[in-house]
file entry.txt (compact mmCIF, N, CA and C atoms and all ligand atoms)
# COMPACT_ATOMS: atom_id res chain seq x y z
N MET T 1 68.66 -53.14 -2.64
CA MET T 1 69.15 -53.03 -4.03
C MET T 1 70.66 -53.24 -4.08
N ALA T 2 71.11 -54.04 -5.00
CA ALA T 2 72.53 -54.34 -5.10
C ALA T 2 73.31 -53.13 -5.62
N HIS T 3 74.51 -53.06 -5.14
CA HIS T 3 75.37 -51.98 -5.60
C HIS T 3 76.04 -52.38 -6.92
N VAL T 4 75.86 -51.58 -7.90
CA VAL T 4 76.54 -51.85 -9.16
C VAL T 4 77.61 -50.78 -9.37
N PRO T 5 78.71 -51.17 -9.97
CA PRO T 5 79.76 -50.18 -10.24
C PRO T 5 79.22 -49.06 -11.11
N GLU T 6 79.57 -47.89 -10.77
CA GLU T 6 79.08 -46.75 -11.54
C GLU T 6 79.77 -46.72 -12.89
N GLN T 7 78.95 -46.77 -13.91
CA GLN T 7 79.52 -46.77 -15.26
C GLN T 7 78.82 -45.71 -16.08
N LEU T 8 79.51 -44.64 -16.30
CA LEU T 8 78.91 -43.54 -17.03
C LEU T 8 79.25 -43.65 -18.51
N ASP T 9 78.22 -43.55 -19.29
CA ASP T 9 78.44 -43.57 -20.74
C ASP T 9 79.08 -42.27 -21.19
N GLN T 10 79.63 -42.33 -22.36
CA GLN T 10 80.16 -41.11 -22.95
C GLN T 10 79.29 -40.71 -24.12
N TYR T 11 79.20 -39.44 -24.32
CA TYR T 11 78.35 -38.92 -25.37
C TYR T 11 79.15 -38.00 -26.28
N VAL T 12 78.90 -38.12 -27.57
CA VAL T 12 79.61 -37.30 -28.55
C VAL T 12 78.67 -36.20 -29.03
N CYS T 13 79.14 -34.98 -29.00
CA CYS T 13 78.35 -33.88 -29.54
C CYS T 13 78.36 -34.00 -31.06
N GLU T 14 77.16 -34.06 -31.62
CA GLU T 14 77.07 -34.21 -33.08
C GLU T 14 77.58 -32.99 -33.81
N ASN T 15 77.53 -31.88 -33.14
CA ASN T 15 77.90 -30.63 -33.79
C ASN T 15 79.41 -30.45 -33.86
N CYS T 16 80.08 -30.63 -32.73
CA CYS T 16 81.52 -30.35 -32.74
C CYS T 16 82.38 -31.58 -32.44
N LYS T 17 81.71 -32.74 -32.29
CA LYS T 17 82.41 -34.03 -32.16
C LYS T 17 83.24 -34.15 -30.89
N ILE T 18 82.91 -33.35 -29.91
CA ILE T 18 83.62 -33.44 -28.65
C ILE T 18 82.94 -34.48 -27.76
N VAL T 19 83.74 -35.29 -27.09
CA VAL T 19 83.19 -36.34 -26.23
C VAL T 19 82.98 -35.80 -24.82
N HIS T 20 81.78 -36.05 -24.30
CA HIS T 20 81.46 -35.61 -22.95
C HIS T 20 81.12 -36.83 -22.11
N ALA T 21 81.47 -36.79 -20.85
CA ALA T 21 81.05 -37.85 -19.94
C ALA T 21 79.59 -37.64 -19.60
N GLY T 22 78.86 -38.73 -19.51
CA GLY T 22 77.45 -38.62 -19.13
C GLY T 22 77.33 -38.26 -17.67
N THR T 23 76.15 -37.78 -17.31
CA THR T 23 75.88 -37.50 -15.91
C THR T 23 75.02 -38.63 -15.36
N SER T 24 75.31 -39.04 -14.15
CA SER T 24 74.57 -40.17 -13.59
C SER T 24 73.16 -39.76 -13.19
N THR T 25 72.25 -40.68 -13.36
CA THR T 25 70.88 -40.43 -12.96
C THR T 25 70.55 -41.29 -11.76
N ALA T 26 69.98 -40.68 -10.77
CA ALA T 26 69.65 -41.42 -9.55
C ALA T 26 68.51 -42.39 -9.79
N THR T 27 67.64 -42.06 -10.71
CA THR T 27 66.43 -42.85 -10.90
C THR T 27 66.69 -44.19 -11.56
N SER T 28 67.40 -44.21 -12.65
CA SER T 28 67.57 -45.45 -13.40
C SER T 28 68.91 -46.12 -13.11
N GLY T 29 69.82 -45.42 -12.48
CA GLY T 29 71.13 -45.98 -12.24
C GLY T 29 72.02 -45.92 -13.46
N GLY T 30 71.51 -45.34 -14.51
CA GLY T 30 72.29 -45.21 -15.73
C GLY T 30 72.88 -43.83 -15.86
N SER T 31 73.04 -43.40 -17.06
CA SER T 31 73.58 -42.07 -17.27
C SER T 31 72.83 -41.40 -18.42
N GLU T 32 72.94 -40.11 -18.45
CA GLU T 32 72.29 -39.37 -19.53
C GLU T 32 73.24 -38.30 -20.02
N PRO T 33 73.03 -37.81 -21.23
CA PRO T 33 73.93 -36.79 -21.77
C PRO T 33 73.81 -35.50 -20.99
N PRO T 34 74.85 -34.70 -21.03
CA PRO T 34 74.80 -33.39 -20.38
C PRO T 34 73.69 -32.53 -20.96
N ASP T 35 73.31 -31.50 -20.25
CA ASP T 35 72.24 -30.62 -20.73
C ASP T 35 72.61 -29.97 -22.05
N SER T 36 73.85 -29.54 -22.13
CA SER T 36 74.28 -28.93 -23.38
C SER T 36 75.79 -29.09 -23.52
N CYS T 37 76.24 -28.96 -24.75
CA CYS T 37 77.66 -29.11 -25.02
C CYS T 37 78.43 -27.91 -24.45
N GLY T 38 79.49 -28.20 -23.72
CA GLY T 38 80.26 -27.11 -23.12
C GLY T 38 81.00 -26.28 -24.15
N ALA T 39 81.20 -26.85 -25.33
CA ALA T 39 81.96 -26.15 -26.36
C ALA T 39 81.07 -25.31 -27.27
N CYS T 40 79.96 -25.91 -27.74
CA CYS T 40 79.15 -25.21 -28.73
C CYS T 40 77.76 -24.85 -28.20
N GLY T 41 77.38 -25.40 -27.04
CA GLY T 41 76.12 -25.02 -26.43
C GLY T 41 74.91 -25.78 -26.97
N LYS T 42 75.14 -26.66 -27.93
CA LYS T 42 74.01 -27.42 -28.47
C LYS T 42 73.75 -28.65 -27.60
N ASP T 43 72.62 -29.30 -27.86
CA ASP T 43 72.30 -30.48 -27.06
C ASP T 43 72.00 -31.67 -27.95
N VAL T 44 72.84 -31.86 -28.94
CA VAL T 44 72.68 -32.98 -29.85
C VAL T 44 73.77 -34.00 -29.57
N PHE T 45 73.44 -34.96 -28.71
CA PHE T 45 74.43 -35.94 -28.30
C PHE T 45 74.10 -37.32 -28.83
N VAL T 46 75.14 -38.06 -29.17
CA VAL T 46 75.00 -39.45 -29.57
C VAL T 46 75.86 -40.26 -28.62
N GLN T 47 75.33 -41.39 -28.15
CA GLN T 47 76.14 -42.23 -27.28
C GLN T 47 77.39 -42.67 -28.02
N ALA T 48 78.49 -42.70 -27.30
CA ALA T 48 79.77 -43.00 -27.93
C ALA T 48 79.75 -44.35 -28.62
N SER T 49 79.04 -45.32 -28.04
CA SER T 49 78.97 -46.64 -28.65
C SER T 49 78.22 -46.58 -29.98
N GLU T 50 77.16 -45.79 -30.00
CA GLU T 50 76.39 -45.61 -31.23
C GLU T 50 77.23 -44.91 -32.28
N TRP T 51 77.96 -43.94 -31.81
CA TRP T 51 78.80 -43.15 -32.70
C TRP T 51 79.80 -44.05 -33.39
N ALA T 52 80.39 -44.95 -32.63
CA ALA T 52 81.40 -45.86 -33.18
C ALA T 52 80.78 -46.74 -34.26
N ASN T 53 79.56 -47.22 -33.99
CA ASN T 53 78.87 -48.06 -34.97
C ASN T 53 78.63 -47.32 -36.27
N ARG T 54 78.33 -46.06 -36.11
CA ARG T 54 77.97 -45.26 -37.26
C ARG T 54 79.13 -45.13 -38.24
N TYR T 55 80.32 -45.12 -37.70
CA TYR T 55 81.48 -44.93 -38.56
C TYR T 55 82.31 -46.20 -38.69
N GLU T 56 81.64 -47.29 -38.56
CA GLU T 56 82.29 -48.58 -38.67
C GLU T 56 82.87 -48.77 -40.07
ZN ZN T 101 79.35 -29.32 -29.26

call {"tool": "encode", "arguments": {"input": "entry.txt", "output": "structure tokens", "more": "lines below"}}
Ligand SMILES: [Zn+2]
result
Amino acid sequence: MAHVPEQLDQYVCENCKIVHAGTSTATSGGSEPPDSCGACGKDVFVQASEWANRYE
């Protein structure tokens, strides 16, 4: 399997709008949102790219 540069997505907490770095997944080579927001404890994340589109 080829080595690809690790690129972690960023996720925005919908509740408090804080940006979190995604955690890497060994299975897909991608990233996923954190289990919960470190600030508010919720788990409602939107990918940063999606978030940007939303407020275009
Ligand atoms: Zn939050």

call {"tool": "atom_distance", "arguments": {"input": "entry.txt", "atom1": "atom C of Thr23 in chain T", "atom2": "CA of Gln10 in chain T"}}
result
9.5 Å

call {"tool": "atom_distance", "arguments": {"input": "entry.txt", "atom1": "atom C of Pro34 in chain T", "atom2": "atom C of Ala48 in chain T"}}
result
15.3 Å

call {"tool": "atom_distance", "arguments": {"input": "entry.txt", "atom1": "atom C of Glu14 in chain T", "atom2": "atom C of Glu32 in chain T"}}
result
15.4 Å

call {"tool": "closest_residue", "arguments": {"input": "entry.txt", "among": "T:Gly30, T:Gly22, T:Arg54, T:Val12", "to": "Lys42 in chain T", "atoms": "only C-alpha atoms"}}
result
T:Val12

call {"tool": "residues_around", "arguments": {"input": "entry.txt", "residues": "Tyr11 in chain T", "least_positions_apart": "3", "cutoff": "5 Å", "atoms": "only N, CA and C atoms", "output": "PyMOL selection string"}}
result
chain T and resi 19-22+46-48

call {"tool": "closest_residue", "arguments": {"input": "entry.txt", "among": "T:Asp43, T:Pro33, T:Ala26, T:Asn53", "to": "Asp9 in chain T", "atoms": "only N, CA and C atoms"}}
result
T:Pro33

call {"tool": "residues_near_ligand", "arguments": {"input": "entry.txt", "ligand": "ligand ZN 101 (chain T)", "cutoff": "5 Å", "atoms": "only N, CA and C atoms and all ligand atoms", "output": "VMD selection string"}}
result
chain T and resid 13 15 to 16 37 39 to 41

call {"tool": "closest_residue", "arguments": {"input": "entry.txt", "among": "T:Ser36, T:Val44, T:Ser31, T:Ala52", "to": "Leu8 in chain T", "atoms": "all atoms listed in the file"}}
result
T:Ser31
